[in-house]
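Novice: Structure incoming, see below.
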Amino acid sequence: MDRSLAVERLLRDVPPHDLPAALRSALREHFGAEAVELLMADYALTELCRVGTRPYTAEPIPVDGTAPGAAFVAQAATFSRDGASVTGYLPVSVRGDRLGVLAVTLPSEPEPPVWAELERFAEALAHELFVADRDTDLYIQARRSSRLTLAAEMQWQLLPGRACTRAEFALGGQLEPAYAIYGDCFDWSASATKLAVTLINGMGEGSEAALLTNLAVNALRNARRAGVPLDAQAELADQALYAHYRGAQHVAALLLEFDLATGAVSVVDAGSPRLWRLRDGKAERIVFDEQLPLGTFDGTIYTVEGFQAAAGDRFVFVSDGVYNARGPHGDLYGDRELAEAVTATAELPAAHVPGAVLRELSTRRHGSQAEDDAMVVCLDWFGPAPVAGTGARAAVTVRRAPDVRSGDDLRGATATT
């Protein structure tokens, strides 16, 4: 049997918890690998955690300033040498969602096609890991460099992922503080014709805020999956929240639906999440008619607004934990600072922007404790997918390839050309 087929078949056949050991054995047999390690990105996307049989026991590897971290940031293979041996660090990603890095050490430099084979195994491994989370906690535990609060556990389980890429768009989102988040959340879902993006800012703290957000997100998903229009989705979620809390608790939300063929965007603004657009190098806030938060009153009627997305647009969504964050002198992180942040991260791919903005926010606080949790979501709109045979859309894909030089550092993100 062809060795590539043998390795990929093994990945499909082994028990979910045994994926790293099986891959290690297969690469040793078929490629003479001296060492094979799976490194999973932690919730804050700042460390890579080794997957072992006992969670929380291995020292994590910083993303910043390391060879595996460079592979994770750039989403491209990097290499290091120790004598004759060479280690390749291969991104483990599925549909744009960055899970970690596969480190493979070979006794000598192989021919380039060998690295191409190994990169394919890393991609196959990503798909298997995505499925494995249904059946084992091993990889979820490996993503944690410390214990999550109960509220954070509930919130992270709600998320659709932390990044997603298709021909028409690229998405990335991040919550902070990653290990103690409680009220903020985002959701997205794409069909053949539509992309739905939802930003949630639930009131309160701790597990009560997480319970409120869980009800809101699932009520919105239930309505969306029933196929009702955007305004009806908001109204059904509003009814579900009011029925449970009788107006004592509510959820601020921003609901958007992108038409993938035309770029037409429908919006329901039900509270505090805000939207910024970067177009032709200029960042500006898009303001909607702010309606009542979901669950405020019984029988609220919501109206839909709209705008047009153009190929090459970048949209950055933030919660009040970002734009209401206070600096050391009590000044708010307001519109001017957000415009600067959106502009400064223009050369970063969508998946890297949320972390860069949130790190800048933390730097601005000089390490002081955040008063609220914070959410940033970035959407790059490439435009309608080209019809087969009509050629590539190179002019609007400038942000698909990460710039290794800029990494995730917002202060150095503006590249020169």
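In the structure tokens, chains take letters A, B, ... by order of appearance, with residues numbered from 1 within each chain and ligands from 1 in the order shown.
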Give me the residues within 8 Å of range 132-147 of chain A as a list in words, counting only C-alpha atoms and dropping any in the same chain fewer than 2 places off.
Specialist: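 Everything that qualifies: Pro16, His17, Met40, Ala41, Asp42, Tyr43, Glu47, Leu48, Cys49, Arg50, Val51, Gly52, Thr53, Pro55, Tyr56, Pro60, Glu128, Leu129, Phe130, Thr149 and Tyr179 of chain A.
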Novice: Those residues with N, CA and C atoms, as a short mmCIF file (atom, residue, chain, number, x, y, z; two decimals), in the first residue's frame please?
Specialist:
```
data_model
loop_
_atom_site.label_atom_id
_atom_site.label_comp_id
_atom_site.auth_asym_id
_atom_site.auth_seq_id
_atom_site.Cartn_x
_atom_site.Cartn_y
_atom_site.Cartn_z
N PRO A 16 -10.09 8.06 18.93
CA PRO A 16 -9.78 9.49 18.91
C PRO A 16 -8.64 9.91 19.84
N HIS A 17 -8.58 9.32 21.04
CA HIS A 17 -7.53 9.72 21.99
C HIS A 17 -6.14 9.26 21.56
N MET A 40 -1.08 22.03 20.57
CA MET A 40 -2.39 22.65 20.41
C MET A 40 -2.34 24.09 20.91
N ALA A 41 -2.97 25.01 20.16
CA ALA A 41 -3.04 26.40 20.57
C ALA A 41 -3.99 26.55 21.76
N ASP A 42 -3.57 27.33 22.75
CA ASP A 42 -4.41 27.53 23.92
C ASP A 42 -5.52 28.53 23.60
N TYR A 43 -6.42 28.74 24.56
CA TYR A 43 -7.59 29.57 24.31
C TYR A 43 -7.23 31.02 24.03
N GLU A 47 0.00 30.55 23.42
CA GLU A 47 0.87 29.43 23.74
C GLU A 47 0.47 28.20 22.94
N LEU A 48 1.45 27.31 22.72
CA LEU A 48 1.21 26.02 22.11
C LEU A 48 1.48 24.95 23.15
N CYS A 49 0.49 24.12 23.41
CA CYS A 49 0.56 23.14 24.50
C CYS A 49 0.76 21.74 23.92
N ARG A 50 1.75 21.04 24.42
CA ARG A 50 2.03 19.67 23.96
C ARG A 50 0.91 18.73 24.40
N VAL A 51 0.51 17.86 23.48
CA VAL A 51 -0.52 16.87 23.80
C VAL A 51 0.17 15.63 24.34
N GLY A 52 -0.17 15.27 25.56
CA GLY A 52 0.39 14.07 26.18
C GLY A 52 -0.72 13.23 26.77
N THR A 53 -0.34 12.19 27.48
CA THR A 53 -1.35 11.34 28.10
C THR A 53 -1.93 11.97 29.36
N PRO A 55 -2.91 15.64 30.93
CA PRO A 55 -3.04 17.07 30.63
C PRO A 55 -2.42 17.94 31.72
N TYR A 56 -2.07 19.16 31.33
CA TYR A 56 -1.55 20.21 32.22
C TYR A 56 -0.15 19.89 32.76
N PRO A 60 4.15 24.76 28.26
CA PRO A 60 3.73 25.27 26.96
C PRO A 60 4.84 26.05 26.26
N GLU A 128 -9.44 15.14 11.71
CA GLU A 128 -9.71 14.11 12.70
C GLU A 128 -9.85 14.70 14.10
N LEU A 129 -9.04 15.71 14.42
CA LEU A 129 -9.14 16.36 15.72
C LEU A 129 -10.49 17.05 15.88
N PHE A 130 -10.95 17.66 14.80
CA PHE A 130 -12.24 18.35 14.83
C PHE A 130 -13.36 17.37 15.21
N THR A 149 -12.81 29.12 34.19
CA THR A 149 -13.95 29.27 35.08
C THR A 149 -15.14 28.52 34.48
N TYR A 179 -9.75 32.85 29.82
CA TYR A 179 -10.00 31.80 30.81
C TYR A 179 -11.07 32.22 31.83
#
```
Novice: Could you state the separation of CA of Arg98 in chain A and CA of Ala339 in chain A in Å, given to one decimal place?
Specialist: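 Answer for the CA of Arg98 in chain A to CA of Ala339 in chain A separation: 26.7 Å.
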Novice: Quick one: residues within 6 Å of Leu256 in chain A, only C-alpha atoms counted, chain neighbours fewer than 3 positions away excluded, as a list in words?
Specialist: Ala196, Val197, Ser266 and Val267 of chain A
Novice: List the spatial neighbours of range 203-220 of chain A as a list in words - criterion: any atom at most 6 Å away, only C-alpha atoms, same-chain residues fewer than 3 positions off excluded.
Specialist: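 The residues that qualify are Ala151, Tyr182, Gly183, Ala223, Gln233 and Ala237 of chain A.
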Novice: When you look at range 258-261 of chain A with a cut-off of 10 Å (counting only C-alpha atoms), what residues show up, excluding the ones that are within fewer than 4 positions of it in the same chain? I need them as a list in words.
Specialist: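 Surrounding residues, per the criterion: Ala167, Glu168, Phe169, Ala190, Ser191, Ala192, Thr193, Lys194, Leu195, Ala196, Val197, Val265, Ser266, Val267, Gly306, Phe307, Gln308, Ala309, Trp381, Phe382, Gly383, Pro384, Ala385 and Pro386 of chain A.
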Novice: Quick one: residues within 12 Å of Glu117 in chain A, only C-alpha atoms counted, chain neighbours fewer than 2 positions away excluded, as number ranges by chain?
Specialist: A: 2-5, 7-8, 27, 30-31, 88, 90, 104, 110-115, 119-124
Novice: Near range 315-324 of chain A, within 7 Å and counting only C-alpha atoms, which residues show up once chain neighbours fewer than 6 positions away are dropped, as a PyMOL selection string?
Specialist: chain A and resi 201+272-278+332-334+372-380
Novice: So what do you get for CA of Ser85 in chain A versus CA of Glu109 in chain A, distance-wise?
Specialist: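 Value for the CA of Ser85 in chain A-CA of Glu109 in chain A distance: 7.1 Å.
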Novice: Counting only C-alpha atoms, figure out which residue out of A:Ala325, A:Asp331, A:Ala248, A:Gly83 gets nearest to Thr296 in chain A.
Specialist: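 The shortest atom-to-atom distance to Thr296 in chain A comes from A:Ala248.
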Novice: DSSP on the backbone, strand (DSSP E or B) only: what residues of range 41-226 of chain A does that give? Format it as a ChimeraX atom specification.
Specialist: /A:41,47-50,61-62,78-82,85-94,97-106,163-165,169-176,184-190,194-202
Novice: So that each row is one residue of range 301-357 of chain A with an atom at most 9 Å from range 289-295 of chain A, can you give its shortest atom pair and the distance in Å to one decimal, using only C-alpha atoms, rows by chain and rising number, as a Markdown table?
Specialist:
```
| residue | atom | partner | partner_atom | distance |
| --- | --- | --- | --- | --- |
| A:Tyr302 | CA | A:Gln291 | CA | 7.2 |
| A:Thr303 | CA | A:Gln291 | CA | 8.4 |
| A:Glu305 | CA | A:Asp289 | CA | 8.2 |
```
Novice: From the options A:Ala103, A:Leu230, A:Ile61, A:Val131, which residue's atoms come nearest to Glu257 in chain A, counting only C-alpha atoms?
Specialist: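 Smallest separation from Glu257 in chain A among the options: A:Leu230.
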